[in-house]
>>> print(open('my_file36.txt').read())   # compact mmCIF, C-alpha atoms
# COMPACT_ATOMS: atom_id res chain seq x y z
CA MET A 18 82.40 83.85 -100.64
CA ALA A 19 83.10 82.95 -97.00
CA ARG A 20 80.76 85.75 -95.93
CA VAL A 21 77.90 84.24 -98.02
CA GLY A 22 78.48 80.82 -96.43
CA LEU A 23 78.47 82.34 -92.95
CA LEU A 24 75.26 84.24 -93.71
CA ALA A 25 73.60 81.04 -94.99
CA LEU A 26 74.58 79.19 -91.83
CA LEU A 27 73.22 82.02 -89.69
CA LEU A 28 69.92 82.07 -91.60
CA LEU A 29 69.59 78.29 -91.24
CA ALA A 30 70.34 78.47 -87.53
CA LEU A 31 67.64 81.10 -87.11
CA GLY A 32 65.17 79.02 -89.14
CA LEU A 33 65.02 81.57 -91.95
CA GLY A 34 66.78 79.62 -94.67
CA GLY A 35 64.04 77.42 -96.05
CA CYS A 36 60.36 76.60 -96.24
CA ALA A 37 60.18 74.95 -92.82
CA PRO A 38 62.16 75.35 -89.63
CA ALA A 39 64.93 72.80 -89.20
CA HIS A 40 63.18 71.20 -86.21
CA ILE A 41 60.40 69.93 -88.48
CA ALA A 42 62.59 68.78 -91.35
CA PRO A 43 61.69 65.31 -92.63
CA GLU A 44 63.53 62.35 -91.18
CA PRO A 45 66.14 60.76 -93.46
CA LEU A 46 64.83 57.79 -95.39
CA PRO A 47 65.88 54.30 -94.29
CA THR A 48 68.23 52.69 -96.81
CA LEU A 49 67.92 49.28 -98.43
CA SER A 50 71.12 47.27 -98.28
CA GLN A 51 73.25 47.30 -101.41
CA GLY A 52 72.49 43.62 -102.11
CA ALA A 53 68.72 43.98 -101.91
CA ARG A 54 66.97 44.20 -105.30
CA ASN A 55 63.68 45.45 -103.94
CA PRO A 56 62.30 43.38 -101.12
CA VAL A 57 59.14 45.51 -100.84
CA VAL A 58 58.20 44.70 -104.44
CA ALA A 59 59.11 41.03 -103.90
CA ALA A 60 56.92 40.88 -100.78
CA ALA A 61 53.98 42.51 -102.60
CA ARG A 62 54.38 40.25 -105.65
CA SER A 63 54.36 37.20 -103.38
CA LEU A 64 50.73 38.08 -102.63
CA THR A 65 49.55 38.13 -106.25
CA GLY A 66 46.16 36.47 -106.37
CA ALA A 67 45.33 37.05 -102.69
CA PRO A 68 41.70 38.14 -102.31
CA TYR A 69 40.59 41.67 -101.60
CA LYS A 70 39.11 42.06 -98.14
CA TRP A 71 38.05 45.42 -96.72
CA GLY A 72 40.23 46.02 -93.65
CA GLY A 73 42.33 42.96 -94.53
CA GLU A 74 46.01 42.88 -93.70
CA SER A 75 47.19 39.27 -93.85
CA PRO A 76 47.87 36.59 -96.47
CA GLN A 77 45.45 34.28 -94.65
CA THR A 78 42.42 36.58 -94.88
CA GLY A 79 43.21 38.93 -97.77
CA PHE A 80 44.04 42.60 -98.15
CA ASP A 81 42.58 45.96 -98.82
CA CYS A 82 44.88 48.39 -100.64
CA SER A 83 46.57 49.93 -97.60
CA GLY A 84 46.71 46.57 -95.82
CA LEU A 85 48.80 45.26 -98.71
CA THR A 86 51.25 48.17 -98.59
CA TRP A 87 51.39 48.04 -94.78
CA TRP A 88 52.13 44.27 -94.84
CA ALA A 89 54.76 44.48 -97.62
CA TYR A 90 56.70 47.22 -95.86
CA ARG A 91 56.54 45.36 -92.54
CA GLN A 92 58.35 42.47 -94.24
CA VAL A 93 61.41 44.72 -94.60
CA GLY A 94 61.15 46.21 -91.12
CA VAL A 95 59.36 49.48 -91.98
CA ASP A 96 56.29 50.32 -89.94
CA LEU A 97 53.90 52.29 -92.16
CA PRO A 98 50.66 53.77 -90.87
CA ARG A 99 47.80 51.38 -91.58
CA VAL A 100 45.48 53.53 -93.74
CA SER A 101 46.15 55.11 -97.14
CA TYR A 102 45.56 58.76 -96.23
CA ASP A 103 48.10 58.42 -93.39
CA GLN A 104 50.53 56.59 -95.69
CA TYR A 105 50.31 59.59 -98.03
CA GLU A 106 52.13 61.62 -95.36
CA VAL A 107 55.21 59.36 -94.94
CA GLY A 108 58.50 59.50 -96.82
CA HIS A 109 59.21 62.09 -99.47
CA PRO A 110 57.18 63.11 -102.53
CA VAL A 111 58.35 61.71 -105.85
CA GLY A 112 57.61 63.18 -109.28
CA ARG A 113 55.67 60.98 -111.71
CA ARG A 114 58.70 60.54 -113.98
CA ASP A 115 60.92 59.59 -111.04
CA ILE A 116 58.76 56.80 -109.57
CA GLY A 117 60.81 53.71 -108.84
CA PRO A 118 60.31 50.20 -107.50
CA GLY A 119 58.90 50.23 -103.98
CA ASP A 120 57.48 53.76 -104.07
CA LEU A 121 53.94 54.16 -102.83
CA VAL A 122 51.56 55.44 -105.51
CA PHE A 123 48.26 57.12 -104.67
CA PHE A 124 44.99 57.66 -106.45
CA ARG A 125 42.01 59.81 -105.45
CA LEU A 126 38.72 57.96 -105.39
CA ARG A 127 35.23 59.37 -105.19
CA GLY A 128 33.92 60.62 -101.90
CA ASN A 129 35.75 62.49 -99.19
CA ARG A 130 39.39 63.57 -99.37
CA LYS A 131 40.47 60.59 -97.28
CA ASN A 132 39.16 58.15 -99.87
CA MET A 133 42.49 57.21 -101.47
CA HIS A 134 43.75 54.09 -103.17
CA VAL A 135 47.39 53.05 -102.73
CA GLY A 136 49.69 50.57 -104.40
CA ILE A 137 53.40 49.82 -104.70
CA ALA A 138 55.28 50.77 -107.86
CA THR A 139 57.06 47.82 -109.41
CA ASP A 140 58.81 50.12 -111.89
CA ASN A 141 57.93 53.50 -113.37
CA ASP A 142 55.18 52.00 -115.57
CA SER A 143 53.30 49.58 -113.31
CA PHE A 144 52.17 48.94 -109.76
CA ILE A 145 50.82 46.15 -107.60
CA HIS A 146 47.69 46.67 -105.54
CA SER A 147 44.60 45.12 -104.02
CA PRO A 148 41.94 46.74 -106.19
CA SER A 149 38.43 46.34 -104.82
CA SER A 150 35.77 44.05 -103.50
CA GLY A 151 35.69 40.85 -105.53
CA GLY A 152 39.18 41.53 -106.89
CA ARG A 153 42.56 40.01 -106.17
CA VAL A 154 46.04 41.44 -105.64
CA ARG A 155 47.45 42.14 -109.09
CA GLU A 156 50.01 44.12 -111.02
CA GLU A 157 48.90 46.48 -113.76
CA PRO A 158 50.14 49.47 -115.76
CA PHE A 159 49.75 53.06 -114.62
CA ASP A 160 49.10 54.11 -118.17
CA THR A 161 45.40 53.36 -118.41
CA PRO A 162 42.81 56.12 -118.64
CA TYR A 163 41.36 55.30 -115.20
CA TRP A 164 44.66 55.33 -113.28
CA ARG A 165 45.97 58.39 -115.19
CA GLU A 166 42.82 60.33 -114.34
CA HIS A 167 42.87 59.42 -110.64
CA TYR A 168 46.63 59.60 -109.93
CA ILE A 169 47.50 62.16 -107.24
CA GLY A 170 51.09 61.41 -106.23
CA ALA A 171 53.84 59.09 -105.07
CA ARG A 172 55.93 58.85 -101.92
CA ARG A 173 59.37 57.32 -101.47
CA VAL A 174 59.69 55.57 -98.11
CA LEU A 175 63.03 53.79 -98.72
CA ARG A 176 66.20 54.82 -100.48
CA SER A 177 67.88 52.17 -102.59
CA GLY A 178 71.59 51.59 -102.44
CA GLY A 179 74.01 51.86 -99.53
>>> encode(input="my_file36.txt", output="structure tokens")
Amino acid sequence: MARVGLLALLLLALGLGGCAPAHIAPEPLPTLSQGARNPVVAAARSLTGAPYKWGGESPQTGFDCSGLTWWAYRQVGVDLPRVSYDQYEVGHPVGRRDIGPGDLVFFRLRGNRKNMHVGIATDNDSFIHSPSSGGRVREEPFDTPYWREHYIGARRVLRSGG
């Protein structure tokens, strides 16, 4: 048994023990304080009704989808990349059944591979987002034909709990 543990440590040290070398392992996720319910969701919900604005990132002018997620995370001290396809690279992937409040949820839109829509899960059944030109920030269920068809993944940027 001790020999197996020693061999595993040696393989890890040599970078042979997993899919990626240890020097490119993902950073640990920041943790929300134990008393926080979900400040990211609260920040996003505070913007319900704000107008959609392409490139928008403030309550005064409105939001596009990634501007909303960028702004909400900034309210809790997390600096996300500004655009959705870059946001898709942060945090850790989350399975559809494991989505929780505050996770980023992504949808593939028509056009090039960088044409993604992003929102913030409010629970495992709904999300808040800034939908499109003429729309307003709103919360809606995942379980509609459109969102089911276009869903591509979720990312967890914050751990809950202490």
>>> atom_distance(input="my_file36.txt", atom1="CA of Tyr90 (chain A)", atom2="CA of Gly119 (chain A)")
8.9 Å
>>> closest_residue(input="my_file36.txt", among="A:Glu157, A:Asp140, A:Asp103, A:Asp120", to="Ala89 (chain A)", atoms="all atoms listed in the file")
A:Asp120
>>> closest_residue(input="my_file36.txt", among="A:Gly128, A:Pro148, A:Pro118, A:Gly136", to="Val58 (chain A)", atoms="all atoms listed in the file")
A:Pro118
>>> closest_residue(input="my_file36.txt", among="A:Arg153, A:Arg114, A:Arg91, A:His167", to="Met133 (chain A)", atoms="all atoms listed in the file")
A:His167
>>> closest_residue(input="my_file36.txt", among="A:Leu126, A:Val111, A:Ile137, A:Ile169", to="Trp88 (chain A)", atoms="only C-alpha atoms")
A:Ile137
>>> residues_around(input="my_file36.txt", residues="Val135 (chain A)", least_positions_apart="5", cutoff="12 Å", atoms="only C-alpha atoms", output="mmCIF file with C-alpha atoms, keeping the file's coordinate frame")
data_model
loop_
_atom_site.group_PDB
_atom_site.id
_atom_site.type_symbol
_atom_site.label_atom_id
_atom_site.label_comp_id
_atom_site.auth_asym_id
_atom_site.auth_seq_id
_atom_site.Cartn_x
_atom_site.Cartn_y
_atom_site.Cartn_z
ATOM 1 C CA PHE A 80 44.040 42.600 -98.150
ATOM 2 C CA ASP A 81 42.580 45.960 -98.820
ATOM 3 C CA CYS A 82 44.880 48.390 -100.640
ATOM 4 C CA SER A 83 46.570 49.930 -97.600
ATOM 5 C CA GLY A 84 46.710 46.570 -95.820
ATOM 6 C CA LEU A 85 48.800 45.260 -98.710
ATOM 7 C CA THR A 86 51.250 48.170 -98.590
ATOM 8 C CA TRP A 87 51.390 48.040 -94.780
ATOM 9 C CA ARG A 99 47.800 51.380 -91.580
ATOM 10 C CA VAL A 100 45.480 53.530 -93.740
ATOM 11 C CA SER A 101 46.150 55.110 -97.140
ATOM 12 C CA TYR A 102 45.560 58.760 -96.230
ATOM 13 C CA ASP A 103 48.100 58.420 -93.390
ATOM 14 C CA GLN A 104 50.530 56.590 -95.690
ATOM 15 C CA TYR A 105 50.310 59.590 -98.030
ATOM 16 C CA GLY A 119 58.900 50.230 -103.980
ATOM 17 C CA ASP A 120 57.480 53.760 -104.070
ATOM 18 C CA LEU A 121 53.940 54.160 -102.830
ATOM 19 C CA VAL A 122 51.560 55.440 -105.510
ATOM 20 C CA PHE A 123 48.260 57.120 -104.670
ATOM 21 C CA PHE A 124 44.990 57.660 -106.450
ATOM 22 C CA ARG A 125 42.010 59.810 -105.450
ATOM 23 C CA LEU A 126 38.720 57.960 -105.390
ATOM 24 C CA PHE A 144 52.170 48.940 -109.760
ATOM 25 C CA ILE A 145 50.820 46.150 -107.600
ATOM 26 C CA HIS A 146 47.690 46.670 -105.540
ATOM 27 C CA SER A 147 44.600 45.120 -104.020
ATOM 28 C CA PRO A 148 41.940 46.740 -106.190
ATOM 29 C CA SER A 149 38.430 46.340 -104.820
ATOM 30 C CA TRP A 164 44.660 55.330 -113.280
ATOM 31 C CA HIS A 167 42.870 59.420 -110.640
ATOM 32 C CA TYR A 168 46.630 59.600 -109.930
ATOM 33 C CA ILE A 169 47.500 62.160 -107.240
ATOM 34 C CA GLY A 170 51.090 61.410 -106.230
ATOM 35 C CA ALA A 171 53.840 59.090 -105.070
ATOM 36 C CA ARG A 172 55.930 58.850 -101.920
#
>>> closest_residue(input="my_file36.txt", among="A:Gly79, A:Arg127, A:Gly152, A:Asp115", to="Glu166 (chain A)", atoms="all atoms listed in the file")
A:Arg127
>>> atom_distance(input="my_file36.txt", atom1="CA of Val174 (chain A)", atom2="CA of Val107 (chain A)")
6.7 Å
>>> closest_residue(input="my_file36.txt", among="A:Ile116, A:Ala138, A:Leu97, A:Leu175", to="Arg155 (chain A)", atoms="all atoms listed in the file")
A:Ala138
>>> atom_distance(input="my_file36.txt", atom1="CA of Gly117 (chain A)", atom2="CA of Ser143 (chain A)")
9.7 Å
>>> axis_aligned_box(input="my_file36.txt", around="region 105-112 of chain A", padding_each_side="5 Å", output="lines of an AutoDock Vina configuration file")
center_x = 54.8
center_y = 61.3
center_z = -102.1
size_x = 18.9
size_y = 13.8
size_z = 24.3
